[in-house]
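Reviewing the structure listed below.
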Amino acid sequence: MALVGWILSFICLFAGLALRQDMPIGGSVAMSNILVVFALLACPMVWRELPLGVSRGQRIVSGLALVFALPIILFPTH
């Protein structure tokens, strides 16, 4: 499971950094921030010993909330 966390963490980190570099579409700054936060949530090294009382289930739920919030950020209603 830690290997999946590392892979997901690196994918999200590099995707977030790529969006910050190129800025291809509107809302990419917010999406980049979400991806970087998700990379932090998925990193097994940071969350090995339950710091601040955050469990694995809480990290998964917050990561899913970040992913499902993407349409709200990408399609703003003006």
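The chains in the structure tokens are called A, B, ... from first to last as shown; in each chain the residues are counted from 1, and the ligands are counted from 1 in the order shown.
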
(Q) Which residues are near Val37 (chain A)? Cut-off 12 Å, only C-alpha atoms, ignore same chain within fewer than 5 positions. Put them as a PyMOL selection string. (A) chain A and resi 8-10+12-17+30-32+42-43+59+62-67

May I have the selected residues written with all heavy atoms, as a short mmCIF file (atom, residue, chain, number, x, y, z; two decimals), in the first residue's frame?
```cif
data_model
loop_
_atom_site.label_atom_id
_atom_site.label_comp_id
_atom_site.auth_asym_id
_atom_site.auth_seq_id
_atom_site.Cartn_x
_atom_site.Cartn_y
_atom_site.Cartn_z
N LEU A 8 1.21 7.56 -6.31
CA LEU A 8 0.17 8.58 -6.39
C LEU A 8 0.70 9.95 -5.95
O LEU A 8 0.37 10.97 -6.56
CB LEU A 8 -1.02 8.16 -5.53
CG LEU A 8 -2.26 9.00 -5.64
CD1 LEU A 8 -2.81 8.94 -7.06
CD2 LEU A 8 -3.30 8.50 -4.66
N SER A 9 1.54 9.97 -4.95
CA SER A 9 2.11 11.22 -4.47
C SER A 9 2.99 11.87 -5.53
O SER A 9 2.88 13.08 -5.79
CB SER A 9 2.91 10.97 -3.20
OG SER A 9 3.48 12.16 -2.72
N PHE A 10 3.85 11.08 -6.17
CA PHE A 10 4.72 11.65 -7.21
C PHE A 10 3.92 12.10 -8.43
O PHE A 10 4.22 13.14 -9.02
CB PHE A 10 5.79 10.65 -7.62
CG PHE A 10 6.95 10.61 -6.67
CD1 PHE A 10 7.27 9.45 -5.99
CD2 PHE A 10 7.72 11.73 -6.44
CE1 PHE A 10 8.32 9.41 -5.12
CE2 PHE A 10 8.78 11.71 -5.55
CZ PHE A 10 9.08 10.54 -4.89
N CYS A 12 0.79 13.20 -8.51
CA CYS A 12 0.09 14.44 -8.17
C CYS A 12 1.06 15.62 -8.04
O CYS A 12 0.77 16.73 -8.48
CB CYS A 12 -0.70 14.27 -6.89
SG CYS A 12 -2.11 13.19 -7.07
N LEU A 13 2.23 15.36 -7.46
CA LEU A 13 3.20 16.44 -7.30
C LEU A 13 3.70 16.93 -8.66
O LEU A 13 3.72 18.14 -8.93
CB LEU A 13 4.38 15.97 -6.46
CG LEU A 13 5.49 17.00 -6.25
CD1 LEU A 13 4.98 18.16 -5.42
CD2 LEU A 13 6.68 16.36 -5.60
N PHE A 14 4.07 16.01 -9.54
CA PHE A 14 4.57 16.42 -10.85
C PHE A 14 3.48 17.04 -11.71
O PHE A 14 3.74 17.98 -12.47
CB PHE A 14 5.22 15.25 -11.57
CG PHE A 14 6.50 14.79 -10.92
CD1 PHE A 14 6.82 13.45 -10.85
CD2 PHE A 14 7.38 15.70 -10.37
CE1 PHE A 14 7.99 13.03 -10.26
CE2 PHE A 14 8.56 15.30 -9.76
CZ PHE A 14 8.87 13.96 -9.70
N ALA A 15 2.24 16.56 -11.59
CA ALA A 15 1.14 17.17 -12.33
C ALA A 15 0.87 18.59 -11.83
O ALA A 15 0.66 19.51 -12.63
CB ALA A 15 -0.11 16.32 -12.21
N GLY A 16 0.92 18.78 -10.52
CA GLY A 16 0.72 20.12 -9.96
C GLY A 16 1.83 21.08 -10.37
O GLY A 16 1.58 22.23 -10.70
N LEU A 17 3.06 20.60 -10.36
CA LEU A 17 4.17 21.45 -10.79
C LEU A 17 4.11 21.77 -12.27
O LEU A 17 4.44 22.88 -12.69
CB LEU A 17 5.50 20.78 -10.44
CG LEU A 17 5.81 20.67 -8.95
CD1 LEU A 17 7.11 19.89 -8.75
CD2 LEU A 17 5.90 22.04 -8.31
N ALA A 30 -5.66 26.90 -9.20
CA ALA A 30 -6.40 26.21 -8.14
C ALA A 30 -6.22 24.70 -8.26
O ALA A 30 -6.04 24.01 -7.26
CB ALA A 30 -7.88 26.57 -8.20
N MET A 31 -6.27 24.18 -9.48
CA MET A 31 -6.08 22.75 -9.68
C MET A 31 -4.67 22.33 -9.27
O MET A 31 -4.47 21.27 -8.69
CB MET A 31 -6.33 22.36 -11.13
CG MET A 31 -6.32 20.86 -11.34
SD MET A 31 -6.43 20.34 -13.05
CE MET A 31 -7.78 21.25 -13.67
N SER A 32 -3.70 23.18 -9.55
CA SER A 32 -2.32 22.90 -9.15
C SER A 32 -2.21 22.83 -7.63
O SER A 32 -1.55 21.94 -7.09
CB SER A 32 -1.39 23.97 -9.71
OG SER A 32 -0.11 23.84 -9.19
N ALA A 42 -1.14 11.99 0.14
CA ALA A 42 -0.84 10.63 -0.29
C ALA A 42 0.56 10.16 0.10
O ALA A 42 0.87 8.99 -0.02
CB ALA A 42 -1.00 10.52 -1.80
N CYS A 43 1.41 11.05 0.57
CA CYS A 43 2.80 10.70 0.85
C CYS A 43 2.90 9.83 2.11
O CYS A 43 2.56 10.27 3.21
CB CYS A 43 3.63 11.96 1.04
SG CYS A 43 5.37 11.66 1.29
N ARG A 59 -7.52 10.79 5.60
CA ARG A 59 -6.74 11.25 4.46
C ARG A 59 -7.40 10.86 3.15
O ARG A 59 -7.44 11.64 2.20
CB ARG A 59 -5.33 10.67 4.51
CG ARG A 59 -4.46 11.27 5.54
CD ARG A 59 -3.02 10.88 5.32
NE ARG A 59 -2.87 9.49 4.89
CZ ARG A 59 -2.44 8.51 5.64
NH1 ARG A 59 -2.08 8.75 6.87
NH2 ARG A 59 -2.33 7.28 5.19
N SER A 62 -10.48 13.12 2.58
CA SER A 62 -10.11 14.48 2.19
C SER A 62 -9.52 14.51 0.78
O SER A 62 -9.75 15.45 0.02
CB SER A 62 -9.14 15.09 3.20
OG SER A 62 -7.98 14.31 3.30
N GLY A 63 -8.78 13.47 0.39
CA GLY A 63 -8.28 13.39 -0.98
C GLY A 63 -9.41 13.26 -1.99
O GLY A 63 -9.40 13.90 -3.04
N LEU A 64 -10.40 12.43 -1.67
CA LEU A 64 -11.55 12.31 -2.55
C LEU A 64 -12.34 13.61 -2.63
O LEU A 64 -12.85 13.97 -3.69
CB LEU A 64 -12.45 11.18 -2.08
CG LEU A 64 -11.94 9.77 -2.35
CD1 LEU A 64 -12.86 8.74 -1.69
CD2 LEU A 64 -11.83 9.52 -3.83
N ALA A 65 -12.45 14.32 -1.52
CA ALA A 65 -13.13 15.61 -1.54
C ALA A 65 -12.40 16.60 -2.44
O ALA A 65 -13.03 17.37 -3.16
CB ALA A 65 -13.25 16.16 -0.12
N LEU A 66 -11.08 16.57 -2.40
CA LEU A 66 -10.32 17.45 -3.30
C LEU A 66 -10.54 17.09 -4.76
O LEU A 66 -10.69 17.97 -5.61
CB LEU A 66 -8.82 17.37 -2.96
CG LEU A 66 -8.37 18.03 -1.68
CD1 LEU A 66 -6.92 17.67 -1.39
CD2 LEU A 66 -8.52 19.52 -1.80
N VAL A 67 -10.56 15.80 -5.07
CA VAL A 67 -10.78 15.38 -6.46
C VAL A 67 -12.17 15.75 -6.92
O VAL A 67 -12.36 16.25 -8.04
CB VAL A 67 -10.53 13.86 -6.59
CG1 VAL A 67 -11.00 13.35 -7.92
CG2 VAL A 67 -9.06 13.56 -6.39
#
```

Sorted by chain and rising residue number, which residues of region 15-75 of chain A lie within 12 Å of region 3-7 of chain A, and what are their closest atom pairs and distances in Å to one decimal, counting only C-alpha atoms, as CSV?
```
residue,atom,partner,partner_atom,distance
A:Phe38,CA,A:Gly5,CA,10.6
A:Ala39,CA,A:Trp6,CA,8.8
A:Leu40,CA,A:Gly5,CA,10.0
A:Leu41,CA,A:Gly5,CA,9.0
A:Ala42,CA,A:Gly5,CA,5.2
A:Cys43,CA,A:Gly5,CA,5.8
A:Pro44,CA,A:Gly5,CA,5.9
A:Met45,CA,A:Trp6,CA,8.5
A:Val46,CA,A:Trp6,CA,10.8
A:Trp47,CA,A:Gly5,CA,10.4
A:Arg48,CA,A:Gly5,CA,11.2
A:Arg56,CA,A:Gly5,CA,11.1
A:Arg59,CA,A:Gly5,CA,11.3
A:Ile60,CA,A:Gly5,CA,10.7
A:Gly63,CA,A:Gly5,CA,11.8
```

Q: Counting only C-alpha atoms, figure out which residue out of A:Ile11, A:Leu74, A:Phe68, A:Ser55 gets nearest to Leu35 (chain A).
A: A:Ile11
